[in-house]
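Everything below concerns the one structure shown next.
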Amino acid sequence: MKRILPCFLLITGMACSNSTDKTSSLETTAGPITLVIHGGAGTIKRENMTPEREAAYHAALQQALDSGYTVLERGGKSLDAVIAAIKVMEDSPLFNAGKGAVFNSEGKNELDASIMDGSNLMAGAVAGVTTIKNPITAAYAVMTKSEHVMLIGAGAEKFAREQNLQTVDPSYFFDSLRYKQWIKAKEAETEKDKTAAEIDPYIKDKKFGTVGAVALDKFGNIAAGTSTGGMTNKKYGRVGDAPIIGAGTYADNTSCGVSSTGWGEYFIRLAVAHDIAALKKYSGLSLQQAADSVVMKKVPALGGDGGIIALDRQGNVSMTFNTAGMYRGYIKKRGEGKTFIYKD
């Protein structure tokens with residue numbers, strides 16, 4: 001009996017230890033269905049915005065919130081909610097993603113997007129595409145219909161056609177204001193004035209054009225997605241952080257979901273989205289503390305700027321940015337969505 005008892009205690013002790021580990025790694029109680037979105041960060045000032053333009057941005061953000069939240073409200077998955085919200089912004093010329101994307105140095109619209117499933121860490125991305133109407137749907141297809149994480153250029157477009165995704169002539173993405181912005185950027189290039197390349201024609205000021213969404217569904221699963229047209233007058237083949245898992249997008253049920261918007265080169269070097277998730281998961285910081293640690297300290301220290309949206313499994317939301325403004329919003333209950341533009 002003396003020999004059996006220690007063994008019994010050892011076995012039950014191991015069982016308790018394993019049970020505790022599982023509980024601590026993923027809290028059992030999830031928060032309410034929640035959606036948070038962004039439409040880009042930058043030097044967005046009230047004095048540079050007309051009342052009509054400001055109202056248009058709020059309306060577009062609210063439409064994106066409503067579209068994504070409807071999915072969640074009907075019992076849909078966080079992935080589908082993220083796609084629904086981002087598609088609204090990809091279809092609006094107000095945002096630099098999809099229709100209305102900026103022009104690269106060759107006068108073309110090159111689009112990037114990524115998406116990630118926090119329940120299993122599956123992810124998909126496309127970069128440098130020119131004919132896919134909604135790049136976020138292509139990113140999802142890469143994640144669910146291929147063995148890869150990222151496809152680029154012509155290969156990504158061929159894959160999209162094979163998946164029967166909607167493709168368009170590149171002229172679909174043309175926007176006259178974005179084109180004029182590119183012309184000014186080309187002129188400034190010869191004049192060595194690089195700042196003109198960053199000026200957004202809709203707000204007449206500096207803005208990083210990217211859209212993103214993070215959602216929490218009734219199953220307790222988190223998903224995050226990001227889509228962009230990149231930087232005006234970007235060099236041929238340039239890829240920013242938006243399609244890079246861990247930089248522009250990251251999602252993990254045991255931590256949080258993140259979508260970034262900012263100076264991509266810095267967000268890549270700091271692996272911003274993953275760093276926030278890792279800090280929350282391993283350091284014991286709250287979601288807001290983790291976001292502030294990266295966006296308000298690490299990014300500026302390196303010389304970059306921008307912002308993020310983040311959401312954890314308990315429904316906590318962070319919309320942190322170190323610029324003058326960021327198009328953003330969140331919703332936790334029908335009819336109570338909130339949208340914001342400026343820092344104050």
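Every chain in the structure tokens has a letter given in the order shown (A, B, ...), and although residue numbers restart at 1 in each chain, ligands are simply numbered from 1 in the order shown.
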Members of range 113-285 of chain A assigned alpha helix (DSSP H) by DSSP, as a PyMOL selection string = chain A and resi 135-145+153-162+176-190+264-269+272-283
request  = Name the residues of range 78-245 of chain A that fall into strand (DSSP E or B) according to DSSP on the backbone, using the chain letters and numbers of this document, as JSON, numbers by chain.
outcome  = {"A": [111, 112, 113, 114, 115, 116, 117, 122, 123, 124, 125, 126, 127, 128, 129, 132, 150, 151, 152, 167, 199, 200, 205, 206, 207, 208, 210, 211, 212, 213, 214, 215, 216, 222, 223, 224, 225, 226, 227, 228, 245]}
Selected residues, C-alpha atoms, written as a PDB file, in the first residue's frame, please.
ATOM      1  CA  LEU A 111      -2.292  45.752 -53.523  1.00  0.00           C
ATOM      2  CA  ASP A 112      -1.356  43.718 -50.444  1.00  0.00           C
ATOM      3  CA  ALA A 113      -3.479  41.930 -47.830  1.00  0.00           C
ATOM      4  CA  SER A 114      -3.276  39.336 -45.070  1.00  0.00           C
ATOM      5  CA  ILE A 115      -5.535  37.478 -42.654  1.00  0.00           C
ATOM      6  CA  MET A 116      -4.969  35.215 -39.648  1.00  0.00           C
ATOM      7  CA  ASP A 117      -7.094  32.781 -37.626  1.00  0.00           C
ATOM      8  CA  MET A 122      -3.434  29.593 -39.860  1.00  0.00           C
ATOM      9  CA  ALA A 123      -2.666  32.601 -42.059  1.00  0.00           C
ATOM     10  CA  GLY A 124      -2.785  33.758 -45.662  1.00  0.00           C
ATOM     11  CA  ALA A 125      -1.477  36.746 -47.599  1.00  0.00           C
ATOM     12  CA  VAL A 126      -1.084  38.223 -51.077  1.00  0.00           C
ATOM     13  CA  ALA A 127       1.269  40.970 -52.219  1.00  0.00           C
ATOM     14  CA  GLY A 128       1.758  43.059 -55.339  1.00  0.00           C
ATOM     15  CA  VAL A 129      -1.550  42.084 -56.968  1.00  0.00           C
ATOM     16  CA  ILE A 132      -8.030  41.090 -57.588  1.00  0.00           C
ATOM     17  CA  MET A 150       1.877  34.119 -49.024  1.00  0.00           C
ATOM     18  CA  LEU A 151       1.521  34.376 -52.793  1.00  0.00           C
ATOM     19  CA  ILE A 152       2.668  37.379 -54.801  1.00  0.00           C
ATOM     20  CA  THR A 167     -10.987  39.910 -60.765  1.00  0.00           C
ATOM     21  CA  ILE A 199       0.435  63.691 -48.741  1.00  0.00           C
ATOM     22  CA  ASP A 200      -3.056  62.236 -48.894  1.00  0.00           C
ATOM     23  CA  ASP A 205      -1.889  65.915 -45.103  1.00  0.00           C
ATOM     24  CA  LYS A 206       0.333  62.965 -44.258  1.00  0.00           C
ATOM     25  CA  LYS A 207      -1.417  59.617 -43.837  1.00  0.00           C
ATOM     26  CA  PHE A 208      -0.483  55.950 -43.935  1.00  0.00           C
ATOM     27  CA  THR A 210      -4.077  50.888 -44.740  1.00  0.00           C
ATOM     28  CA  VAL A 211      -7.312  49.305 -43.522  1.00  0.00           C
ATOM     29  CA  GLY A 212      -7.754  46.527 -41.008  1.00  0.00           C
ATOM     30  CA  ALA A 213     -10.149  44.675 -38.732  1.00  0.00           C
ATOM     31  CA  VAL A 214     -10.006  42.387 -35.708  1.00  0.00           C
ATOM     32  CA  ALA A 215     -13.026  40.392 -34.548  1.00  0.00           C
ATOM     33  CA  LEU A 216     -14.088  38.165 -31.647  1.00  0.00           C
ATOM     34  CA  ILE A 222     -10.185  35.914 -32.743  1.00  0.00           C
ATOM     35  CA  ALA A 223      -9.292  36.812 -36.336  1.00  0.00           C
ATOM     36  CA  ALA A 224      -7.357  39.755 -37.763  1.00  0.00           C
ATOM     37  CA  GLY A 225      -6.884  41.110 -41.272  1.00  0.00           C
ATOM     38  CA  THR A 226      -5.152  44.002 -43.027  1.00  0.00           C
ATOM     39  CA  SER A 227      -5.298  45.402 -46.583  1.00  0.00           C
ATOM     40  CA  THR A 228      -3.453  48.239 -48.328  1.00  0.00           C
ATOM     41  CA  ILE A 245       2.247  37.920 -40.691  1.00  0.00           C
TER      42      ILE A 245
END
message = So that I can check the surroundings of Leu65 in chain A, please list as a ChimeraX atom specification every protein, DNA and RNA residue that reaches within 8 Å of it, counting only C-alpha atoms and ignoring chain neighbours fewer than 3 positions away.
response = /A:35-37,61-62,68-69,85,329-331,337
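Residue neighbourhood of Gly40 in chain A, excluding near-sequence residues (fewer than 4 positions): Phe95, Asn96, Lys207, Phe208, Gly209, Thr210, Val211, Gly212, Ser260, Thr261, Gly262, Gly306, Gly307, Gly325, Met326, Tyr327 and Arg328 of chain A, at 9 Å, using only C-alpha atoms.
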Filtering to all heavy atoms, could you give me those residues as a short mmCIF file (atom, residue, chain, number, x, y, z; two decimals), in the first residue's frame?
data_model
loop_
_atom_site.label_atom_id
_atom_site.label_comp_id
_atom_site.auth_asym_id
_atom_site.auth_seq_id
_atom_site.Cartn_x
_atom_site.Cartn_y
_atom_site.Cartn_z
N PHE A 95 -10.33 55.20 -48.74
CA PHE A 95 -9.22 54.49 -48.09
C PHE A 95 -8.25 53.95 -49.13
O PHE A 95 -8.64 53.58 -50.23
CB PHE A 95 -9.75 53.35 -47.23
CG PHE A 95 -10.77 53.79 -46.22
CD1 PHE A 95 -12.12 53.57 -46.43
CD2 PHE A 95 -10.37 54.45 -45.06
CE1 PHE A 95 -13.06 53.98 -45.50
CE2 PHE A 95 -11.30 54.87 -44.13
CZ PHE A 95 -12.66 54.64 -44.35
N ASN A 96 -6.98 53.88 -48.74
CA ASN A 96 -5.95 53.38 -49.64
C ASN A 96 -5.87 51.86 -49.55
O ASN A 96 -4.96 51.28 -48.96
CB ASN A 96 -4.61 54.03 -49.26
CG ASN A 96 -3.44 53.40 -49.99
OD1 ASN A 96 -3.60 52.83 -51.07
ND2 ASN A 96 -2.26 53.50 -49.41
N LYS A 207 -0.62 60.73 -44.34
CA LYS A 207 -1.42 59.62 -43.84
C LYS A 207 -0.87 58.31 -44.38
O LYS A 207 -0.49 58.20 -45.53
CB LYS A 207 -2.88 59.77 -44.26
CG LYS A 207 -3.76 58.55 -43.95
CD LYS A 207 -5.18 58.80 -44.39
CE LYS A 207 -6.00 57.53 -44.34
NZ LYS A 207 -5.63 56.60 -45.42
N PHE A 208 -0.86 57.29 -43.52
CA PHE A 208 -0.48 55.95 -43.94
C PHE A 208 -1.76 55.21 -44.29
O PHE A 208 -2.59 54.93 -43.44
CB PHE A 208 0.26 55.22 -42.81
CG PHE A 208 1.54 55.92 -42.43
CD1 PHE A 208 1.66 56.54 -41.20
CD2 PHE A 208 2.60 55.97 -43.31
CE1 PHE A 208 2.84 57.17 -40.84
CE2 PHE A 208 3.78 56.60 -42.95
CZ PHE A 208 3.90 57.21 -41.72
N GLY A 209 -1.93 54.91 -45.56
CA GLY A 209 -3.19 54.32 -46.00
C GLY A 209 -3.20 52.81 -45.90
O GLY A 209 -2.58 52.13 -46.70
N THR A 210 -3.90 52.32 -44.93
CA THR A 210 -4.08 50.89 -44.74
C THR A 210 -5.41 50.71 -44.04
O THR A 210 -5.83 51.58 -43.29
CB THR A 210 -2.96 50.30 -43.84
OG1 THR A 210 -1.69 50.56 -44.43
CG2 THR A 210 -3.11 48.80 -43.67
N VAL A 211 -6.09 49.59 -44.27
CA VAL A 211 -7.31 49.30 -43.52
C VAL A 211 -7.14 47.96 -42.82
O VAL A 211 -6.35 47.12 -43.25
CB VAL A 211 -8.56 49.27 -44.42
CG1 VAL A 211 -8.68 50.57 -45.22
CG2 VAL A 211 -8.54 48.07 -45.37
N GLY A 212 -7.87 47.79 -41.73
CA GLY A 212 -7.75 46.53 -41.01
C GLY A 212 -8.93 46.28 -40.10
O GLY A 212 -9.73 47.19 -39.81
N SER A 260 -2.07 46.41 -38.06
CA SER A 260 -1.22 47.60 -37.99
C SER A 260 -1.46 48.56 -39.14
O SER A 260 -1.92 48.17 -40.22
CB SER A 260 0.26 47.19 -38.00
OG SER A 260 0.55 46.22 -37.01
N THR A 261 -1.10 49.82 -38.92
CA THR A 261 -1.08 50.83 -39.98
C THR A 261 0.02 51.82 -39.66
O THR A 261 0.04 52.42 -38.59
CB THR A 261 -2.42 51.57 -40.12
OG1 THR A 261 -2.26 52.69 -41.00
CG2 THR A 261 -2.95 52.07 -38.78
N GLY A 262 0.96 51.97 -40.58
CA GLY A 262 2.05 52.89 -40.30
C GLY A 262 3.16 52.77 -41.33
O GLY A 262 2.95 52.23 -42.42
N GLY A 306 2.87 55.47 -36.61
CA GLY A 306 1.68 54.76 -37.07
C GLY A 306 0.82 54.34 -35.90
O GLY A 306 0.86 54.96 -34.83
N GLY A 307 0.04 53.27 -36.09
CA GLY A 307 -0.84 52.83 -35.03
C GLY A 307 -1.30 51.40 -35.23
O GLY A 307 -0.96 50.76 -36.24
N GLY A 325 -3.76 61.42 -35.81
CA GLY A 325 -5.09 60.82 -35.93
C GLY A 325 -5.02 59.43 -36.51
O GLY A 325 -3.99 58.99 -37.03
N MET A 326 -6.14 58.71 -36.41
CA MET A 326 -6.27 57.40 -37.03
C MET A 326 -7.76 57.13 -37.23
O MET A 326 -8.55 57.24 -36.28
CB MET A 326 -5.65 56.30 -36.15
CG MET A 326 -5.74 54.90 -36.77
SD MET A 326 -4.76 53.64 -35.89
CE MET A 326 -5.82 53.31 -34.47
N TYR A 327 -8.15 56.81 -38.44
CA TYR A 327 -9.54 56.43 -38.70
C TYR A 327 -9.77 55.10 -38.00
O TYR A 327 -9.07 54.11 -38.27
CB TYR A 327 -9.78 56.29 -40.20
CG TYR A 327 -9.54 57.56 -40.98
CD1 TYR A 327 -8.46 57.68 -41.85
CD2 TYR A 327 -10.37 58.66 -40.83
CE1 TYR A 327 -8.22 58.85 -42.55
CE2 TYR A 327 -10.16 59.83 -41.53
CZ TYR A 327 -9.08 59.92 -42.39
OH TYR A 327 -8.86 61.10 -43.08
N ARG A 328 -10.77 55.04 -37.13
CA ARG A 328 -10.94 53.84 -36.32
C ARG A 328 -12.34 53.76 -35.74
O ARG A 328 -13.09 54.75 -35.73
CB ARG A 328 -9.91 53.84 -35.17
CG ARG A 328 -10.09 55.02 -34.21
CD ARG A 328 -8.82 55.30 -33.44
NE ARG A 328 -9.02 56.29 -32.36
CZ ARG A 328 -9.03 57.61 -32.56
NH1 ARG A 328 -8.88 58.11 -33.77
NH2 ARG A 328 -9.20 58.44 -31.53
#
request  = Find the spatial neighbours of Arg74 in chain A, counting only C-alpha atoms, within a cut-off of 12 Å - ignore same-chain residues fewer than 6 positions away - and output them as a VMD selection string.
outcome  = chain A and resid 33 67 to 68 80 to 81 217 to 218 334
Take the residues from that selection and put them in a file with N, CA and C atoms, as a tab-separated table (two decimals), in the first residue's frame.
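For reference, result.tsv as written:
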chain	number	residue	atom	x	y	z
A	33	ILE	N	-19.23	39.39	-28.38
A	33	ILE	CA	-18.80	39.55	-29.76
A	33	ILE	C	-18.41	41.01	-29.98
A	67	SER	N	-21.32	46.07	-41.26
A	67	SER	CA	-21.19	44.90	-42.12
A	67	SER	C	-20.55	43.74	-41.37
A	68	GLY	N	-19.45	44.02	-40.67
A	68	GLY	CA	-18.77	42.98	-39.92
A	68	GLY	C	-19.56	42.49	-38.73
A	80	ASP	N	-15.01	35.64	-41.07
A	80	ASP	CA	-15.99	36.19	-42.02
A	80	ASP	C	-16.32	37.64	-41.68
A	81	ALA	N	-16.34	37.97	-40.39
A	81	ALA	CA	-16.62	39.34	-39.98
A	81	ALA	C	-15.49	40.28	-40.41
A	217	ASP	N	-15.64	36.33	-32.12
A	217	ASP	CA	-16.97	35.78	-32.36
A	217	ASP	C	-17.54	35.06	-31.13
A	218	LYS	N	-18.75	34.54	-31.25
A	218	LYS	CA	-19.42	33.91	-30.12
A	218	LYS	C	-18.74	32.61	-29.68
A	334	ARG	N	-25.27	46.06	-31.12
A	334	ARG	CA	-25.97	46.65	-32.26
A	334	ARG	C	-26.46	48.06	-31.93
key: Who sits within 10 Å of Lys133 in chain A, only C-alpha atoms, same chain under 2 positions skipped, as JSON, numbers by chain   = {"A": [87, 90, 91, 98, 99, 111, 129, 130, 131, 135, 136, 137, 138, 165, 166, 167, 168, 169, 170, 172, 173]}
